[in-house]
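S.K.: Mind having a look at this structure? Questions to follow.
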Amino acid sequence: MDKEIRALFADGTGEYRIPAEPEAGDTVRLRFRAAKDSVTELFVCIEGERLALSLEKEKGWFAYYAVEYALGEEPVSYYFEVHLGEEVWYYDRRGVVWEWSAEYMFRITPGFSVPDWAKGAVMYQIFTDRFCNGTVSNDVKDNEYCYIGEAVHAVEDWNRPPQAMDVRDFYGGDLQGVWKKLDYLQELGVEVIYFNPLFVSPSNHKYDSQDYDAIDPHYAVILRDEGECLEEGDRDNSHATKYSSRVSAQENLDASNAYFASLVEEIHRRGMRVILDGVFNHCGSFHKWLDRERIYENVPGYAKGAYISENSPYRNFFEFIGDTDGAWPYNPNYNGWWGHDTLPKLNYEASEELCNYILNVAKKWIAPPYNVDGWRLDVAADLGHSEEFNHSFWKRFRKSVKEENPEALILAEHYGSARAWLDGSEWDSVMNYDAFMEPLTWFFTGMEKHSDAYRGDLVGNAWAFADAMTHHMAQFQTSSLQAAMNELSNHDHSRFLTRTNGKVGRLHTLGSEAASEGVRRALLMAAVTVQMTWVGSPTIYYGDEAGLCGFTDPDNRRTYPWGYEDTELIRLHRELIRIHRSYPALRTGSLKLLHLEQDVIVYGRFDAKDSIIVAVNCGRQEKWVEIPVWETGVFDNAPVVSLCSTGWGGVWIAAEIVEVREGILTVTLPPESSIVWKSLLPL
């Protein structure tokens with residue numbers, strides 16, 4: 001009976017739901033797999049109906065059943081009821097269960113689709129100031145302006161680790177540097193470049209936008225470099241004429257926008273795409289709408305900012321607090337994001353003009369001449385002052401973007417369940433913390449993603465990993481999950497390689513050197529193996545592939561180590577990306593967990609053509625395992641071939657054929673290792 005139960009399978013991929021992304025009014029074919037001659041009755045329970053499935057075909061050890069269902073306009077949810085002799089089982093997003101649950105039902109939203117190019121796309125995240133300095137002609141100068149009480153600083157030593165107060169330190173990375181490294185990214189196998197914010201901003205992270213309509217000339221082109229820097233000790237940015245002249249010189253902004261358009265064109269010519277970071281929840285205190293720094297106050301062509309004048313046309317773009325009578329000019333009492341006065345929160349509910357402006361920005365950058373391929377939305381669920389407004393705004397946002405370019409991707413930063421935003425009317429997908437980064441980090445390292453805590457009970461806990469993945473993946477519709485951004489590290493969290501050392505702390509408590517002490521490189525290699533073979537879009541945070549370490553912000557924003565790369569890690573990434581891109585099963589195929597034990601996870605990715613088997617061992621002891629590969633369609637004595645393996649000794653790419661006996665693959669997994677196999681014969 002155990003084998004009959006393990007044979008049961010269905011999901012939302014194109015093999016089990018045809019079409020996978022149906023339109024309203026379509027007839028969808030729902031398919032279910034079982035062991036031959038095991039099912040006595042089989043039903044799908046969908047929107048109050050209980051429909052019997054009929055035998056469709058038999059293949060190998062399996063029988064496939066199907067039923068057709070006519071869709072209307074509204075979303076539908078369903079689960080399966082399976083009779084195996086006298087026993088009745090249910091099948092939902094968790095797999096085989098005694099009792100079905102509404103939370104884990106399969107879902108279909110007629111008309112909802114995610115761009116095919118984004119499903120399983122290999123993405124590469126670039127924090128521009130730290131990637132590559134292509135030209136010094138646009139570098140920020142020492143004392144050019146003041147930011148958060150101190151003058152900005154140009155860092156001359158590219159390899160110097162970030163300091164505790166890093167936000168006003170500039171290393172000179174720019175878009176010219178990205179252009180120079182396009183050969184590297186293309187050879188690595190990158191399909192999508194995701195840029196951290198590029199719009200005009202005074203910080204190195206640029207999550208405090210100053211102008212949504214312009215690429216920052218410090219990242220692009222400075223044609224006019226006039227004016228003066230601040231005198232030593234001066235903190236009044238109205239005196240920073242070099243900076244204000246740069247901002248007000250329209251030719252710099254125009255040239256920078258034109259340069260960016262050319263860069264995107266070149267990226268597209270190479271077969272890659274571009275995603276921009278949209279920071280629309282808040283802007284910066286430097287923004288022309290607020291102008292707390294008085295940069296635009298007397299510049300021709302710019303209206304007075306809301307900080308400067310009570311009669312500013314942008315007055316309702318912000319929420320001013322308390323009695324503001326007589327407070328202008330220079331009203332300090334406005335609502336800041338998390339209380340930060342450098343991050344004034346935008347007040348959408350009070351201004352339809354603001355809403356329309358941002359919707360036009362969203363369309364502008366995906367339209368000619370820029371032709372960007374999508375948006376990553378910063379703290380998207382917090383935009384506005386209520387969840388109700390957020391949903392209404394993102395519905396408008398999706399409509400605006402998709403009307404301009406139906407193939408544009410809308411991907412949001414979000415922690416916790418995003419189910420309410422992934423109903424087909426708002427976002428396409430999210431940065432995948434809950435259903436990827438966090439469970440993977442706990443399993444391999446026991447570390448919280450900021451390196452702020454250690455949980456020994458979660459290290460190697462395969463069952464906790466499986467439970468977390470199963471629960472959180474069920475919050476997604478299948479198309480959204482296939483395009484979810486699966487990262488090991490990013491600009492907000494410690495580097496994954498640093499997490500492997502088990503050190504709890506941050507830069508200011510442990511120092512930068514501690515981030516690379518005692519790291520377990522083999523664990524990173526095994527984690528990358530999972531990243532490149534799990535459901536979703538594997539997303540590399542620049543430098544992870546080269547062995548960069550770092551505690552959480554700002555230490556995670558070290559410069560790319562050109563000339564000091566870990567070449568074997570780069571080789572591993574290149575090979576695993578090649579494998580990922582070679583097999584559609586790794587982009588849109590099914591996923592099934594095959595074996596769990598302490599320190600060991602084994603799973604299969606499969607479609608009608610191929611079966612990919614992945615095994616990882618995060619422990620310090622070798623493990624002997626028997627893997628039921630028959631569950632992915634590898635039957636009898638059909639062999640498999642190893643594609644890539646990792647361990648303490650490094651990376652092995654040599655193909656090795658391994659026998660499968662009666663559907664069981666028996667192998668020994670070395671300590672801290674990973675192995676990827678492929679079915680040698682067609683399924």
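By order in the structure tokens, chains are A, B, ...; within a chain, residues start at 1; ligands start at 1, following the order shown.
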As a PyMOL selection string, list the residues of segment 5-51 of chain A assigned to strand (DSSP E) by DSSP on the backbone atoms of this structure.
M.R.: chain A and resi 17-18+27-35+41-46+49-51
S.K.: Can you tell me, as a PyMOL selection string, what residues are no more than 8 Å from Ala462 of chain A when counting only C-alpha atoms, ignoring any on the same chain fewer than 2 positions away?
M.R.: chain A and resi 443+460+464-466+596-601
S.K.: Compile the contact shell of segment 229-241 of chain A as a PyMOL selection string: residues with an atom at most 12 Å away, counting only C-alpha atoms, same-chain residues fewer than 2 positions apart removed.
M.R.: chain A and resi 140-153+202+225-227+243-249+285-286+291-299
S.K.: Could you jot down the atom CA of Leu377 of chain A to atom CA of Asp254 of chain A separation for me, Å, one decimal place?
M.R.: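 Rounded to one decimal, the two atoms are 24.6 Å apart.
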S.K.: Please tabulate, as a Markdown table, the residues of segment 544-571 of chain A that come within 6 Å of segment 501-523 of chain A, each with its closest pair of atoms and the distance in Å to one decimal, counting only C-alpha atoms and ordering rows by chain, then residue number upward.
M.R.:
| residue | atom | partner | partner_atom | distance |
| --- | --- | --- | --- | --- |
| A:Cys549 | CA | A:Ser516 | CA | 5.7 |
| A:Gly550 | CA | A:Ala515 | CA | 5.2 |
| A:Phe551 | CA | A:Arg506 | CA | 5.4 |
S.K.: Write out as a Markdown table the residues of segment 565-646 of chain A that have any atom within 7 Å of an atom of segment 529-533 of chain A, one row each with the nearest atom pair and its distance in Å to one decimal, counting only C-alpha atoms, sorted by chain and then rising number.
M.R.:
| residue | atom | partner | partner_atom | distance |
| --- | --- | --- | --- | --- |
| A:Leu576 | CA | A:Met532 | CA | 6.3 |
| A:Ile577 | CA | A:Met532 | CA | 6.6 |
| A:His580 | CA | A:Met532 | CA | 6.0 |
| A:Leu586 | CA | A:Thr533 | CA | 5.8 |
S.K.: For segment 189-198 of chain A, work out the shell of residues within 9 Å, counting only C-alpha atoms and skipping chain neighbours fewer than 5 positions away, then give it as a count of residues only.
M.R.: 41
S.K.: I'd like to know which of A:Ser386, A:Met469, A:Ala408, A:Lys345 is closest to Arg93 of chain A, using only C-alpha atoms.
M.R.: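 Result for the nearest residue to Arg93 of chain A: A:Met469.
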S.K.: Select, from A:Trp158, A:Val667, A:Leu263, A:Asp92, the residue with the minimum atom-to-atom distance to Leu175 of chain A, counting only C-alpha atoms.
M.R.: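 Distance minimum relative to Leu175 of chain A lands on A:Leu263.
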S.K.: Please compute the atom CA of Leu572 of chain A-atom CA of Arg558 of chain A distance, one decimal, in Å.
M.R.: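 Result for atom CA of Leu572 of chain A versus atom CA of Arg558 of chain A: 21.5 Å, one decimal.
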S.K.: Which one of A:Leu422, A:Trp652, A:Tyr415, A:Asp452 sits closest to Ala435 of chain A if you count only C-alpha atoms?
M.R.: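 Smallest separation from Ala435 of chain A among the options: A:Tyr415.
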S.K.: Name the residues of segment 181-240 of chain A that come out as alpha helix (DSSP H) in a backbone DSSP run; write them as a VMD selection string.
M.R.: chain A and resid 182 to 188
S.K.: Considering only C-alpha atoms, state which residue in the set A:Thr668, A:Thr588, A:Thr478, A:Ser673 is at the smallest distance from Ile627 of chain A.
M.R.: A:Thr668
S.K.: Within 6 Å of Tyr560 of chain A, counting only C-alpha atoms, which residues qualify if same-chain residues fewer than 2 places away don't, as an MDAnalysis selection string?
M.R.: chainID A and resid 131 543 562
S.K.: Go through A:Val97, A:Ala655, A:Thr109, A:Arg557 one by one, measure the shortest atom-to-atom distance of each to Ala164 of chain A using only C-alpha atoms, and give the residue with the smallest value.
M.R.: A:Arg557
S.K.: Mind giving me the straight-line distance from atom CA of Tyr307 of chain A to atom CA of Ile358 of chain A in Å, one decimal?
M.R.: 20.2 Å
S.K.: Might you pull out every residue within 9 Å of Leu290 of chain A, with only C-alpha atoms counted and same-chain residues fewer than 5 positions away left off, and present them as a list of chain:residue names?
M.R.: A:Gly284, A:Ser285, A:Lys304, A:Gly305, A:Ala306, A:Tyr307, A:Ile308, A:Ser312, A:Tyr314, A:Arg315, A:Phe317, A:Phe318, A:Pro344
S.K.: Print the selection's residues with N, CA, C and O atoms to a file, as a PDB file, in the first residue's frame.
M.R.:
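The new file again-v3.pdb reads:
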ATOM      1  N   GLY A 284      12.979  60.082  -1.144  1.00  0.00           N
ATOM      2  CA  GLY A 284      14.035  60.584  -0.277  1.00  0.00           C
ATOM      3  C   GLY A 284      13.804  62.037   0.081  1.00  0.00           C
ATOM      4  O   GLY A 284      13.077  62.766  -0.608  1.00  0.00           O
ATOM      5  N   SER A 285      14.450  62.477   1.157  1.00  0.00           N
ATOM      6  CA  SER A 285      14.299  63.881   1.565  1.00  0.00           C
ATOM      7  C   SER A 285      14.905  64.830   0.538  1.00  0.00           C
ATOM      8  O   SER A 285      14.598  66.022   0.533  1.00  0.00           O
ATOM      9  N   LYS A 304       8.316  74.729  -6.192  1.00  0.00           N
ATOM     10  CA  LYS A 304       8.760  74.654  -4.806  1.00  0.00           C
ATOM     11  C   LYS A 304       8.368  73.305  -4.198  1.00  0.00           C
ATOM     12  O   LYS A 304       7.263  72.801  -4.401  1.00  0.00           O
ATOM     13  N   GLY A 305       9.290  72.745  -3.431  1.00  0.00           N
ATOM     14  CA  GLY A 305       9.004  71.492  -2.761  1.00  0.00           C
ATOM     15  C   GLY A 305       8.095  71.681  -1.571  1.00  0.00           C
ATOM     16  O   GLY A 305       7.951  72.786  -1.028  1.00  0.00           O
ATOM     17  N   ALA A 306       7.470  70.572  -1.129  1.00  0.00           N
ATOM     18  CA  ALA A 306       6.503  70.640  -0.031  1.00  0.00           C
ATOM     19  C   ALA A 306       7.147  71.025   1.284  1.00  0.00           C
ATOM     20  O   ALA A 306       6.473  71.539   2.179  1.00  0.00           O
ATOM     21  N   TYR A 307       8.444  70.794   1.446  1.00  0.00           N
ATOM     22  CA  TYR A 307       9.156  71.205   2.658  1.00  0.00           C
ATOM     23  C   TYR A 307       9.382  72.714   2.657  1.00  0.00           C
ATOM     24  O   TYR A 307       9.455  73.344   3.701  1.00  0.00           O
ATOM     25  N   ILE A 308       9.460  73.276   1.435  1.00  0.00           N
ATOM     26  CA  ILE A 308       9.797  74.687   1.281  1.00  0.00           C
ATOM     27  C   ILE A 308       8.563  75.574   1.376  1.00  0.00           C
ATOM     28  O   ILE A 308       8.589  76.641   1.987  1.00  0.00           O
ATOM     29  N   SER A 312       3.135  74.466  -2.211  1.00  0.00           N
ATOM     30  CA  SER A 312       3.774  73.574  -3.178  1.00  0.00           C
ATOM     31  C   SER A 312       2.733  72.689  -3.867  1.00  0.00           C
ATOM     32  O   SER A 312       1.800  72.201  -3.215  1.00  0.00           O
ATOM     33  N   TYR A 314       3.130  69.856  -4.569  1.00  0.00           N
ATOM     34  CA  TYR A 314       3.352  68.506  -4.046  1.00  0.00           C
ATOM     35  C   TYR A 314       2.943  68.394  -2.574  1.00  0.00           C
ATOM     36  O   TYR A 314       3.269  67.414  -1.904  1.00  0.00           O
ATOM     37  N   ARG A 315       2.234  69.385  -2.085  1.00  0.00           N
ATOM     38  CA  ARG A 315       1.869  69.421  -0.662  1.00  0.00           C
ATOM     39  C   ARG A 315       1.185  68.127  -0.214  1.00  0.00           C
ATOM     40  O   ARG A 315       1.504  67.571   0.825  1.00  0.00           O
ATOM     41  N   PHE A 317       1.435  65.225  -1.534  1.00  0.00           N
ATOM     42  CA  PHE A 317       2.207  64.009  -1.792  1.00  0.00           C
ATOM     43  C   PHE A 317       2.764  63.430  -0.493  1.00  0.00           C
ATOM     44  O   PHE A 317       3.210  62.287  -0.466  1.00  0.00           O
ATOM     45  N   PHE A 318       2.740  64.244   0.569  1.00  0.00           N
ATOM     46  CA  PHE A 318       3.307  63.840   1.856  1.00  0.00           C
ATOM     47  C   PHE A 318       2.296  64.098   2.961  1.00  0.00           C
ATOM     48  O   PHE A 318       1.381  64.911   2.813  1.00  0.00           O
ATOM     49  N   PRO A 344      10.821  60.104   3.444  1.00  0.00           N
ATOM     50  CA  PRO A 344       9.428  60.543   3.569  1.00  0.00           C
ATOM     51  C   PRO A 344       8.470  59.590   2.859  1.00  0.00           C
ATOM     52  O   PRO A 344       8.671  59.249   1.692  1.00  0.00           O
TER      53      PRO A 344
END
